[in-house]
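One file, target_31.tsv, is given below (TSV, N, CA and C atoms).
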```tsv
chain	number	residue	atom	x	y	z
T	37	VAL	N	6.29	-4.88	-22.52
T	37	VAL	CA	6.50	-5.32	-21.15
T	37	VAL	C	6.01	-6.75	-21.00
T	38	GLN	N	6.84	-7.57	-20.41
T	38	GLN	CA	6.44	-8.96	-20.12
T	38	GLN	C	6.33	-9.13	-18.62
T	39	LEU	N	5.34	-9.89	-18.21
T	39	LEU	CA	5.10	-10.12	-16.79
T	39	LEU	C	5.13	-11.61	-16.50
T	40	GLN	N	5.85	-11.97	-15.48
T	40	GLN	CA	5.97	-13.37	-15.10
T	40	GLN	C	5.53	-13.52	-13.65
T	41	ALA	N	4.40	-14.18	-13.45
T	41	ALA	CA	3.89	-14.40	-12.10
T	41	ALA	C	4.27	-15.79	-11.61
T	42	SER	N	4.48	-15.90	-10.32
T	42	SER	CA	4.81	-17.18	-9.72
T	42	SER	C	4.36	-17.20	-8.27
T	43	GLY	N	4.40	-18.39	-7.67
T	43	GLY	CA	4.09	-18.50	-6.26
T	43	GLY	C	2.78	-19.17	-5.94
T	44	GLY	N	1.99	-19.46	-6.95
T	44	GLY	CA	0.72	-20.13	-6.68
T	44	GLY	C	0.92	-21.56	-6.23
T	45	GLY	N	-0.17	-22.16	-5.78
T	45	GLY	CA	-0.10	-23.54	-5.34
T	45	GLY	C	-1.32	-23.93	-4.56
T	46	LEU	N	-1.22	-25.07	-3.90
T	46	LEU	CA	-2.31	-25.61	-3.08
T	46	LEU	C	-2.00	-25.36	-1.61
T	47	VAL	N	-2.97	-24.80	-0.91
T	47	VAL	CA	-2.77	-24.50	0.50
T	47	VAL	C	-4.09	-24.77	1.23
T	48	GLN	N	-3.98	-25.11	2.49
T	48	GLN	CA	-5.18	-25.32	3.30
T	48	GLN	C	-5.75	-23.99	3.78
T	49	ALA	N	-7.01	-24.01	4.08
T	49	ALA	CA	-7.66	-22.81	4.60
T	49	ALA	C	-6.89	-22.30	5.82
T	50	GLU	N	-6.82	-20.97	5.92
T	50	GLU	CA	-6.07	-20.26	6.96
T	50	GLU	C	-4.57	-20.27	6.73
T	51	GLY	N	-4.14	-20.87	5.64
T	51	GLY	CA	-2.72	-20.85	5.31
T	51	GLY	C	-2.33	-19.58	4.59
T	52	SER	N	-1.07	-19.53	4.15
T	52	SER	CA	-0.52	-18.35	3.50
T	52	SER	C	0.22	-18.73	2.22
T	53	LEU	N	0.24	-17.79	1.31
T	53	LEU	CA	1.04	-17.89	0.09
T	53	LEU	C	1.54	-16.51	-0.26
T	54	ARG	N	2.65	-16.46	-0.98
T	54	ARG	CA	3.19	-15.20	-1.46
T	54	ARG	C	3.37	-15.29	-2.97
T	55	LEU	N	2.68	-14.44	-3.67
T	55	LEU	CA	2.82	-14.38	-5.11
T	55	LEU	C	3.83	-13.32	-5.49
T	56	SER	N	4.54	-13.59	-6.57
T	56	SER	CA	5.52	-12.64	-7.09
T	56	SER	C	5.25	-12.39	-8.56
T	57	CYS	N	5.60	-11.21	-9.01
T	57	CYS	CA	5.46	-10.88	-10.43
T	57	CYS	C	6.60	-9.95	-10.81
T	58	ALA	N	7.34	-10.34	-11.81
T	58	ALA	CA	8.46	-9.52	-12.27
T	58	ALA	C	8.17	-8.98	-13.66
T	59	ALA	N	8.45	-7.71	-13.84
T	59	ALA	CA	8.26	-7.06	-15.14
T	59	ALA	C	9.59	-6.95	-15.86
T	60	SER	N	9.57	-7.15	-17.15
T	60	SER	CA	10.77	-6.99	-17.96
T	60	SER	C	10.41	-6.31	-19.27
T	61	GLY	N	11.41	-5.87	-19.98
T	61	GLY	CA	11.16	-5.18	-21.24
T	61	GLY	C	11.16	-3.67	-21.05
T	62	GLN	N	10.38	-2.98	-21.88
T	62	GLN	CA	10.37	-1.51	-21.90
T	62	GLN	C	9.47	-0.98	-20.80
T	63	THR	N	9.94	-1.03	-19.57
T	63	THR	CA	9.14	-0.55	-18.45
T	63	THR	C	9.32	0.95	-18.27
T	64	HIS	N	8.40	1.54	-17.50
T	64	HIS	CA	8.45	2.97	-17.24
T	64	HIS	C	8.88	3.21	-15.80
T	65	SER	N	9.35	4.42	-15.53
T	65	SER	CA	9.78	4.75	-14.18
T	65	SER	C	8.61	5.02	-13.25
T	66	THR	N	7.49	5.42	-13.79
T	66	THR	CA	6.28	5.62	-12.98
T	66	THR	C	5.20	4.71	-13.53
T	67	TYR	N	4.62	3.93	-12.66
T	67	TYR	CA	3.70	2.91	-13.11
T	67	TYR	C	2.80	2.50	-11.95
T	68	ARG	N	1.85	1.69	-12.28
T	68	ARG	CA	1.02	1.02	-11.29
T	68	ARG	C	1.07	-0.47	-11.62
T	69	MET	N	1.15	-1.29	-10.62
T	69	MET	CA	1.04	-2.73	-10.83
T	69	MET	C	-0.06	-3.28	-9.95
T	70	GLY	N	-0.77	-4.23	-10.49
T	70	GLY	CA	-1.91	-4.74	-9.75
T	70	GLY	C	-2.04	-6.24	-9.85
T	71	TRP	N	-2.86	-6.77	-8.97
T	71	TRP	CA	-3.22	-8.18	-8.97
T	71	TRP	C	-4.73	-8.30	-9.19
T	72	PHE	N	-5.09	-9.21	-10.05
T	72	PHE	CA	-6.48	-9.53	-10.30
T	72	PHE	C	-6.62	-11.04	-10.16
T	73	ARG	N	-7.85	-11.50	-10.06
T	73	ARG	CA	-8.06	-12.94	-9.99
T	73	ARG	C	-9.34	-13.32	-10.71
T	74	GLN	N	-9.37	-14.56	-11.16
T	74	GLN	CA	-10.55	-15.08	-11.82
T	74	GLN	C	-10.82	-16.49	-11.33
T	75	ALA	N	-11.93	-16.64	-10.65
T	75	ALA	CA	-12.35	-17.94	-10.14
T	75	ALA	C	-13.12	-18.69	-11.22
T	76	PRO	N	-13.19	-20.00	-11.13
T	76	PRO	CA	-13.92	-20.78	-12.14
T	76	PRO	C	-15.36	-20.32	-12.29
T	77	GLY	N	-15.74	-20.04	-13.51
T	77	GLY	CA	-17.11	-19.63	-13.78
T	77	GLY	C	-17.44	-18.20	-13.44
T	78	LYS	N	-16.43	-17.43	-13.01
T	78	LYS	CA	-16.67	-16.03	-12.63
T	78	LYS	C	-15.82	-15.10	-13.47
T	79	GLU	N	-16.19	-13.83	-13.43
T	79	GLU	CA	-15.42	-12.84	-14.16
T	79	GLU	C	-14.18	-12.44	-13.35
T	80	ARG	N	-13.23	-11.91	-14.06
T	80	ARG	CA	-12.02	-11.43	-13.41
T	80	ARG	C	-12.35	-10.26	-12.49
T	81	GLU	N	-11.71	-10.23	-11.34
T	81	GLU	CA	-11.96	-9.16	-10.38
T	81	GLU	C	-10.66	-8.58	-9.85
T	82	PHE	N	-10.74	-7.35	-9.45
T	82	PHE	CA	-9.60	-6.64	-8.88
T	82	PHE	C	-9.30	-7.18	-7.49
T	83	VAL	N	-8.00	-7.30	-7.18
T	83	VAL	CA	-7.58	-7.74	-5.85
T	83	VAL	C	-6.86	-6.60	-5.12
T	84	ALA	N	-5.80	-6.09	-5.72
T	84	ALA	CA	-5.01	-5.04	-5.08
T	84	ALA	C	-4.12	-4.38	-6.12
T	85	ASP	N	-3.72	-3.15	-5.84
T	85	ASP	CA	-2.72	-2.51	-6.70
T	85	ASP	C	-1.84	-1.59	-5.88
T	86	ILE	N	-0.75	-1.17	-6.51
T	86	ILE	CA	0.24	-0.33	-5.84
T	86	ILE	C	0.86	0.61	-6.86
T	87	ILE	N	1.06	1.85	-6.45
T	87	ILE	CA	1.72	2.83	-7.29
T	87	ILE	C	3.23	2.68	-7.16
T	88	TRP	N	3.95	3.10	-8.16
T	88	TRP	CA	5.39	2.88	-8.26
T	88	TRP	C	6.15	3.35	-7.02
T	89	ASP	N	5.68	4.42	-6.35
T	89	ASP	CA	6.43	4.91	-5.20
T	89	ASP	C	6.18	4.10	-3.94
T	90	GLY	N	5.27	3.16	-4.04
T	90	GLY	CA	4.97	2.31	-2.91
T	90	GLY	C	4.10	2.94	-1.85
T	91	ALA	N	3.77	4.22	-2.02
T	91	ALA	CA	3.03	4.93	-0.98
T	91	ALA	C	1.53	4.74	-1.07
T	92	THR	N	1.04	4.35	-2.22
T	92	THR	CA	-0.41	4.24	-2.41
T	92	THR	C	-0.78	2.83	-2.82
T	93	THR	N	-1.67	2.26	-2.05
T	93	THR	CA	-2.18	0.92	-2.35
T	93	THR	C	-3.70	0.92	-2.27
T	94	HIS	N	-4.29	-0.03	-2.96
T	94	HIS	CA	-5.74	-0.22	-2.91
T	94	HIS	C	-6.02	-1.71	-2.80
T	95	TYR	N	-7.09	-2.03	-2.11
T	95	TYR	CA	-7.46	-3.43	-1.92
T	95	TYR	C	-8.95	-3.61	-2.15
T	96	ALA	N	-9.29	-4.77	-2.67
T	96	ALA	CA	-10.70	-5.13	-2.72
T	96	ALA	C	-11.18	-5.42	-1.30
T	97	ASP	N	-12.44	-5.15	-1.04
T	97	ASP	CA	-12.99	-5.37	0.29
T	97	ASP	C	-12.81	-6.82	0.74
T	98	ALA	N	-12.89	-7.75	-0.20
T	98	ALA	CA	-12.83	-9.17	0.14
T	98	ALA	C	-11.48	-9.60	0.69
T	99	VAL	N	-10.43	-8.83	0.40
T	99	VAL	CA	-9.09	-9.25	0.82
T	99	VAL	C	-8.44	-8.28	1.79
T	100	ARG	N	-9.03	-7.12	1.99
T	100	ARG	CA	-8.43	-6.12	2.87
T	100	ARG	C	-8.24	-6.69	4.26
T	101	GLY	N	-7.04	-6.49	4.79
T	101	GLY	CA	-6.73	-7.00	6.12
T	101	GLY	C	-6.11	-8.39	6.10
T	102	ARG	N	-6.23	-9.09	4.99
T	102	ARG	CA	-5.63	-10.43	4.86
T	102	ARG	C	-4.49	-10.44	3.84
T	103	PHE	N	-4.60	-9.64	2.80
T	103	PHE	CA	-3.59	-9.59	1.75
T	103	PHE	C	-2.81	-8.29	1.85
T	104	THR	N	-1.54	-8.36	1.49
T	104	THR	CA	-0.69	-7.17	1.47
T	104	THR	C	0.09	-7.13	0.16
T	105	ILE	N	-0.03	-6.01	-0.53
T	105	ILE	CA	0.71	-5.83	-1.77
T	105	ILE	C	1.94	-4.98	-1.48
T	106	SER	N	3.04	-5.32	-2.13
T	106	SER	CA	4.27	-4.55	-1.98
T	106	SER	C	5.03	-4.60	-3.30
T	107	ARG	N	6.06	-3.79	-3.39
T	107	ARG	CA	6.83	-3.78	-4.63
T	107	ARG	C	8.29	-3.55	-4.33
T	108	ASP	N	9.13	-4.01	-5.24
T	108	ASP	CA	10.56	-3.74	-5.20
T	108	ASP	C	10.85	-2.96	-6.47
T	109	TYR	N	11.06	-1.69	-6.32
T	109	TYR	CA	11.22	-0.81	-7.49
T	109	TYR	C	12.43	-1.20	-8.32
T	110	ALA	N	13.51	-1.52	-7.67
T	110	ALA	CA	14.74	-1.85	-8.40
T	110	ALA	C	14.59	-3.14	-9.21
T	111	LYS	N	13.84	-4.08	-8.66
T	111	LYS	CA	13.65	-5.36	-9.34
T	111	LYS	C	12.45	-5.35	-10.27
T	112	LYS	N	11.72	-4.24	-10.30
T	112	LYS	CA	10.51	-4.14	-11.13
T	112	LYS	C	9.57	-5.29	-10.79
T	113	ALA	N	9.40	-5.53	-9.53
T	113	ALA	CA	8.60	-6.66	-9.08
T	113	ALA	C	7.50	-6.20	-8.14
T	114	VAL	N	6.44	-6.95	-8.12
T	114	VAL	CA	5.34	-6.73	-7.20
T	114	VAL	C	5.02	-8.05	-6.52
T	115	TYR	N	4.61	-7.96	-5.26
T	115	TYR	CA	4.34	-9.15	-4.47
T	115	TYR	C	2.96	-9.07	-3.86
T	116	LEU	N	2.38	-10.21	-3.61
T	116	LEU	CA	1.09	-10.27	-2.92
T	116	LEU	C	1.20	-11.31	-1.81
T	117	GLN	N	1.30	-10.84	-0.58
T	117	GLN	CA	1.31	-11.73	0.57
T	117	GLN	C	-0.13	-12.01	0.95
T	118	MET	N	-0.49	-13.28	0.90
T	118	MET	CA	-1.87	-13.68	1.17
T	118	MET	C	-1.91	-14.52	2.44
T	119	ASN	N	-2.58	-14.01	3.45
T	119	ASN	CA	-2.71	-14.71	4.73
T	119	ASN	C	-4.17	-15.06	4.98
T	120	SER	N	-4.38	-15.95	5.90
T	120	SER	CA	-5.74	-16.37	6.28
T	120	SER	C	-6.57	-16.71	5.04
T	121	LEU	N	-6.00	-17.49	4.18
T	121	LEU	CA	-6.67	-17.81	2.93
T	121	LEU	C	-7.94	-18.62	3.16
T	122	LYS	N	-8.90	-18.37	2.29
T	122	LYS	CA	-10.20	-19.03	2.36
T	122	LYS	C	-10.45	-19.78	1.06
T	123	PRO	N	-11.30	-20.80	1.11
T	123	PRO	CA	-11.62	-21.49	-0.15
T	123	PRO	C	-12.13	-20.53	-1.23
T	124	GLY	N	-12.79	-19.47	-0.83
T	124	GLY	CA	-13.28	-18.48	-1.79
T	124	GLY	C	-12.19	-17.69	-2.47
T	125	ASP	N	-10.96	-17.82	-2.00
T	125	ASP	CA	-9.83	-17.15	-2.65
T	125	ASP	C	-9.28	-17.98	-3.80
T	126	THR	N	-9.78	-19.18	-3.97
T	126	THR	CA	-9.32	-20.04	-5.06
T	126	THR	C	-9.59	-19.38	-6.40
T	127	ALA	N	-8.53	-19.22	-7.19
T	127	ALA	CA	-8.64	-18.53	-8.48
T	127	ALA	C	-7.29	-18.57	-9.18
T	128	VAL	N	-7.33	-18.18	-10.42
T	128	VAL	CA	-6.09	-17.87	-11.13
T	128	VAL	C	-5.80	-16.40	-10.87
T	129	TYR	N	-4.61	-16.10	-10.40
T	129	TYR	CA	-4.22	-14.74	-10.06
T	129	TYR	C	-3.31	-14.20	-11.17
T	130	PHE	N	-3.67	-13.00	-11.62
T	130	PHE	CA	-2.93	-12.34	-12.70
T	130	PHE	C	-2.30	-11.05	-12.18
T	131	CYS	N	-1.08	-10.79	-12.63
T	131	CYS	CA	-0.54	-9.47	-12.36
T	131	CYS	C	-0.68	-8.64	-13.63
T	132	ALA	N	-0.74	-7.34	-13.44
T	132	ALA	CA	-0.97	-6.43	-14.55
T	132	ALA	C	-0.13	-5.17	-14.37
T	133	TYR	N	0.17	-4.53	-15.50
T	133	TYR	CA	1.08	-3.38	-15.49
T	133	TYR	C	0.41	-2.20	-16.19
T	134	ASP	N	0.36	-1.10	-15.49
T	134	ASP	CA	-0.22	0.15	-15.99
T	134	ASP	C	0.94	1.11	-16.21
T	135	MET	N	1.28	1.37	-17.46
T	135	MET	CA	2.53	2.06	-17.79
T	135	MET	C	2.65	3.45	-17.19
T	136	VAL	N	1.55	4.17	-17.10
T	136	VAL	CA	1.63	5.55	-16.63
T	136	VAL	C	0.74	5.79	-15.41
T	137	ALA	N	0.34	4.70	-14.75
T	137	ALA	CA	-0.44	4.80	-13.53
T	137	ALA	C	-1.71	5.62	-13.71
T	138	ASN	N	-2.39	5.37	-14.84
T	138	ASN	CA	-3.64	6.10	-15.08
T	138	ASN	C	-4.87	5.24	-14.87
T	139	GLY	N	-4.66	4.04	-14.34
T	139	GLY	CA	-5.79	3.17	-14.05
T	139	GLY	C	-6.14	2.23	-15.16
T	140	ARG	N	-5.49	2.33	-16.29
T	140	ARG	CA	-5.74	1.41	-17.41
T	140	ARG	C	-4.53	0.49	-17.56
T	141	TYR	N	-4.78	-0.79	-17.40
T	141	TYR	CA	-3.69	-1.76	-17.44
T	141	TYR	C	-3.37	-2.14	-18.88
T	142	ASP	N	-2.10	-1.99	-19.22
T	142	ASP	CA	-1.66	-2.19	-20.60
T	142	ASP	C	-1.14	-3.61	-20.86
T	143	PHE	N	-0.62	-4.23	-19.83
T	143	PHE	CA	-0.01	-5.55	-20.01
T	143	PHE	C	-0.47	-6.48	-18.88
T	144	TRP	N	-0.62	-7.76	-19.26
T	144	TRP	CA	-1.08	-8.77	-18.32
T	144	TRP	C	-0.17	-9.98	-18.35
T	145	GLY	N	0.05	-10.57	-17.18
T	145	GLY	CA	0.77	-11.82	-17.11
T	145	GLY	C	-0.16	-12.99	-17.36
T	146	ARG	N	0.41	-14.18	-17.42
T	146	ARG	CA	-0.38	-15.38	-17.73
T	146	ARG	C	-1.18	-15.89	-16.56
T	147	GLY	N	-0.81	-15.58	-15.37
T	147	GLY	CA	-1.57	-16.03	-14.23
T	147	GLY	C	-0.94	-17.21	-13.52
T	148	THR	N	-1.23	-17.31	-12.24
T	148	THR	CA	-0.77	-18.43	-11.43
T	148	THR	C	-1.94	-18.91	-10.58
T	149	LEU	N	-2.11	-20.22	-10.51
T	149	LEU	CA	-3.27	-20.79	-9.86
T	149	LEU	C	-3.06	-20.91	-8.35
T	150	VAL	N	-4.02	-20.42	-7.62
T	150	VAL	CA	-4.06	-20.58	-6.17
T	150	VAL	C	-5.29	-21.41	-5.81
T	151	THR	N	-5.07	-22.50	-5.12
T	151	THR	CA	-6.16	-23.37	-4.70
T	151	THR	C	-6.14	-23.49	-3.19
T	152	VAL	N	-7.24	-23.13	-2.56
T	152	VAL	CA	-7.35	-23.19	-1.11
T	152	VAL	C	-8.35	-24.28	-0.75
T	153	SER	N	-7.88	-25.29	-0.03
T	153	SER	CA	-8.75	-26.40	0.35
T	153	SER	C	-9.33	-26.16	1.74
T	154	SER	N	-10.52	-26.67	1.95
T	154	SER	CA	-11.20	-26.48	3.25
T	154	SER	C	-10.85	-27.58	4.23
```
Reformat the file's structure so that it appears as C-alpha cells.
Amino acid sequence: VQLQASGGGLVQAEGSLRLSCAASGQTHSTYRMGWFRQAPGKEREFVADIIWDGATTHYADAVRGRFTISRDYAKKAVYLQMNSLKPGDTAVYFCAYDMVANGRYDFWGRGTLVTVSS
C-alpha cells in the first residue's frame, strides 16, 4: 500500500487547511486510516483516525473540536479538515494505513508540512 499525503502549507493562526491522503496498491476492504504529526524536536503523536465504515472516529484531546477526519471509501482517501489552527499545530503530518483495523498501522505516507504562524 502506498500513501500520498497533500494539502500542507503555511497558514496564519485561526486559519484552516485540509489535508488529503490517498491509498493505492493492495488495499483491504476493511481498514483504519489515521493522521499523526511530528513537531520539531518532538516525538510523533496521534491526531485522529477513522474506521473504514466512517462510523467510528477518534481524536487527540489537543485537536478535538477543531479538526475533523473523514474518508471517501470509493477513492480510498482520508481527509483532515483543520480549523482554528494554532502555532502549536505546526508539524509534519503523516497519514497511516491499518490493513485490518486492529490498531497497528502497517503503512505510512511521507508526510506533509503544516506551518501555522502567529
- What residues have an atom no more than 7 Å from (-7.6, -18.1, -9.3) in the file's own frame, counting only C-alpha atoms, and can you write them as a VMD selection string? chain T and resid 73 to 75 126 to 129 149 to 150
- Message: Can you tell me which residues surround Arg146 in chain T at a distance of at most 6.5 Å, considering all atoms listed in the file, apart from same-chain residues fewer than 3 positions away, and format the answer as a count of residues only?
- Response: 6
- Message: Counting only C-alpha atoms, find residues at most 10 Å from (-8.0, -7.7, -11.6) (file frame) and give them as a list in words.
- Response: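 Nearby residues: Gly70, Trp71, Phe72, Arg73, Gln74, Glu79, Arg80, Glu81, Phe82, Val83, Ala84, Asp85, Ala96, Tyr129, Phe130, Cys131, Ala132, Tyr141 and Trp144 of chain T.
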Could you turn the residues from that selection into a file that holds N, CA and C atoms, as a compact mmCIF listing (two decimals), keeping the file's coordinate frame?
```
# COMPACT_ATOMS: atom_id res chain seq x y z
N GLY T 70 -0.77 -4.23 -10.49
CA GLY T 70 -1.91 -4.74 -9.75
C GLY T 70 -2.04 -6.24 -9.85
N TRP T 71 -2.86 -6.77 -8.97
CA TRP T 71 -3.22 -8.18 -8.97
C TRP T 71 -4.73 -8.30 -9.19
N PHE T 72 -5.09 -9.21 -10.05
CA PHE T 72 -6.48 -9.53 -10.30
C PHE T 72 -6.62 -11.04 -10.16
N ARG T 73 -7.85 -11.50 -10.06
CA ARG T 73 -8.06 -12.94 -9.99
C ARG T 73 -9.34 -13.32 -10.71
N GLN T 74 -9.37 -14.56 -11.16
CA GLN T 74 -10.55 -15.08 -11.82
C GLN T 74 -10.82 -16.49 -11.33
N GLU T 79 -16.19 -13.83 -13.43
CA GLU T 79 -15.42 -12.84 -14.16
C GLU T 79 -14.18 -12.44 -13.35
N ARG T 80 -13.23 -11.91 -14.06
CA ARG T 80 -12.02 -11.43 -13.41
C ARG T 80 -12.35 -10.26 -12.49
N GLU T 81 -11.71 -10.23 -11.34
CA GLU T 81 -11.96 -9.16 -10.38
C GLU T 81 -10.66 -8.58 -9.85
N PHE T 82 -10.74 -7.35 -9.45
CA PHE T 82 -9.60 -6.64 -8.88
C PHE T 82 -9.30 -7.18 -7.49
N VAL T 83 -8.00 -7.30 -7.18
CA VAL T 83 -7.58 -7.74 -5.85
C VAL T 83 -6.86 -6.60 -5.12
N ALA T 84 -5.80 -6.09 -5.72
CA ALA T 84 -5.01 -5.04 -5.08
C ALA T 84 -4.12 -4.38 -6.12
N ASP T 85 -3.72 -3.15 -5.84
CA ASP T 85 -2.72 -2.51 -6.70
C ASP T 85 -1.84 -1.59 -5.88
N ALA T 96 -9.29 -4.77 -2.67
CA ALA T 96 -10.70 -5.13 -2.72
C ALA T 96 -11.18 -5.42 -1.30
N TYR T 129 -4.61 -16.10 -10.40
CA TYR T 129 -4.22 -14.74 -10.06
C TYR T 129 -3.31 -14.20 -11.17
N PHE T 130 -3.67 -13.00 -11.62
CA PHE T 130 -2.93 -12.34 -12.70
C PHE T 130 -2.30 -11.05 -12.18
N CYS T 131 -1.08 -10.79 -12.63
CA CYS T 131 -0.54 -9.47 -12.36
C CYS T 131 -0.68 -8.64 -13.63
N ALA T 132 -0.74 -7.34 -13.44
CA ALA T 132 -0.97 -6.43 -14.55
C ALA T 132 -0.13 -5.17 -14.37
N TYR T 141 -4.78 -0.79 -17.40
CA TYR T 141 -3.69 -1.76 -17.44
C TYR T 141 -3.37 -2.14 -18.88
N TRP T 144 -0.62 -7.76 -19.26
CA TRP T 144 -1.08 -8.77 -18.32
C TRP T 144 -0.17 -9.98 -18.35
```
Fewer than 4 positions away in the same chain doesn't count, so skip those; otherwise give me all residues within 8 Å of Ser65 in chain T, counting all atoms listed in the file, as a compact mmCIF listing (two decimals) with N, CA and C atoms, in the coordinates of the input.
```
# COMPACT_ATOMS: atom_id res chain seq x y z
N TRP T 88 3.95 3.10 -8.16
CA TRP T 88 5.39 2.88 -8.26
C TRP T 88 6.15 3.35 -7.02
N ASP T 89 5.68 4.42 -6.35
CA ASP T 89 6.43 4.91 -5.20
C ASP T 89 6.18 4.10 -3.94
N MET T 135 1.28 1.37 -17.46
CA MET T 135 2.53 2.06 -17.79
C MET T 135 2.65 3.45 -17.19
N VAL T 136 1.55 4.17 -17.10
CA VAL T 136 1.63 5.55 -16.63
C VAL T 136 0.74 5.79 -15.41
```
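As for atom C of Ala113 in chain T and atom C of Ala91 in chain T, they are spaced 14.3 Å apart.
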- Item | Length of the atom N of Ser56 in chain T to CA of Asp142 in chain T vector [Å] |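 Between atom N of Ser56 in chain T and CA of Asp142 in chain T the gap works out to 19.1 Å.
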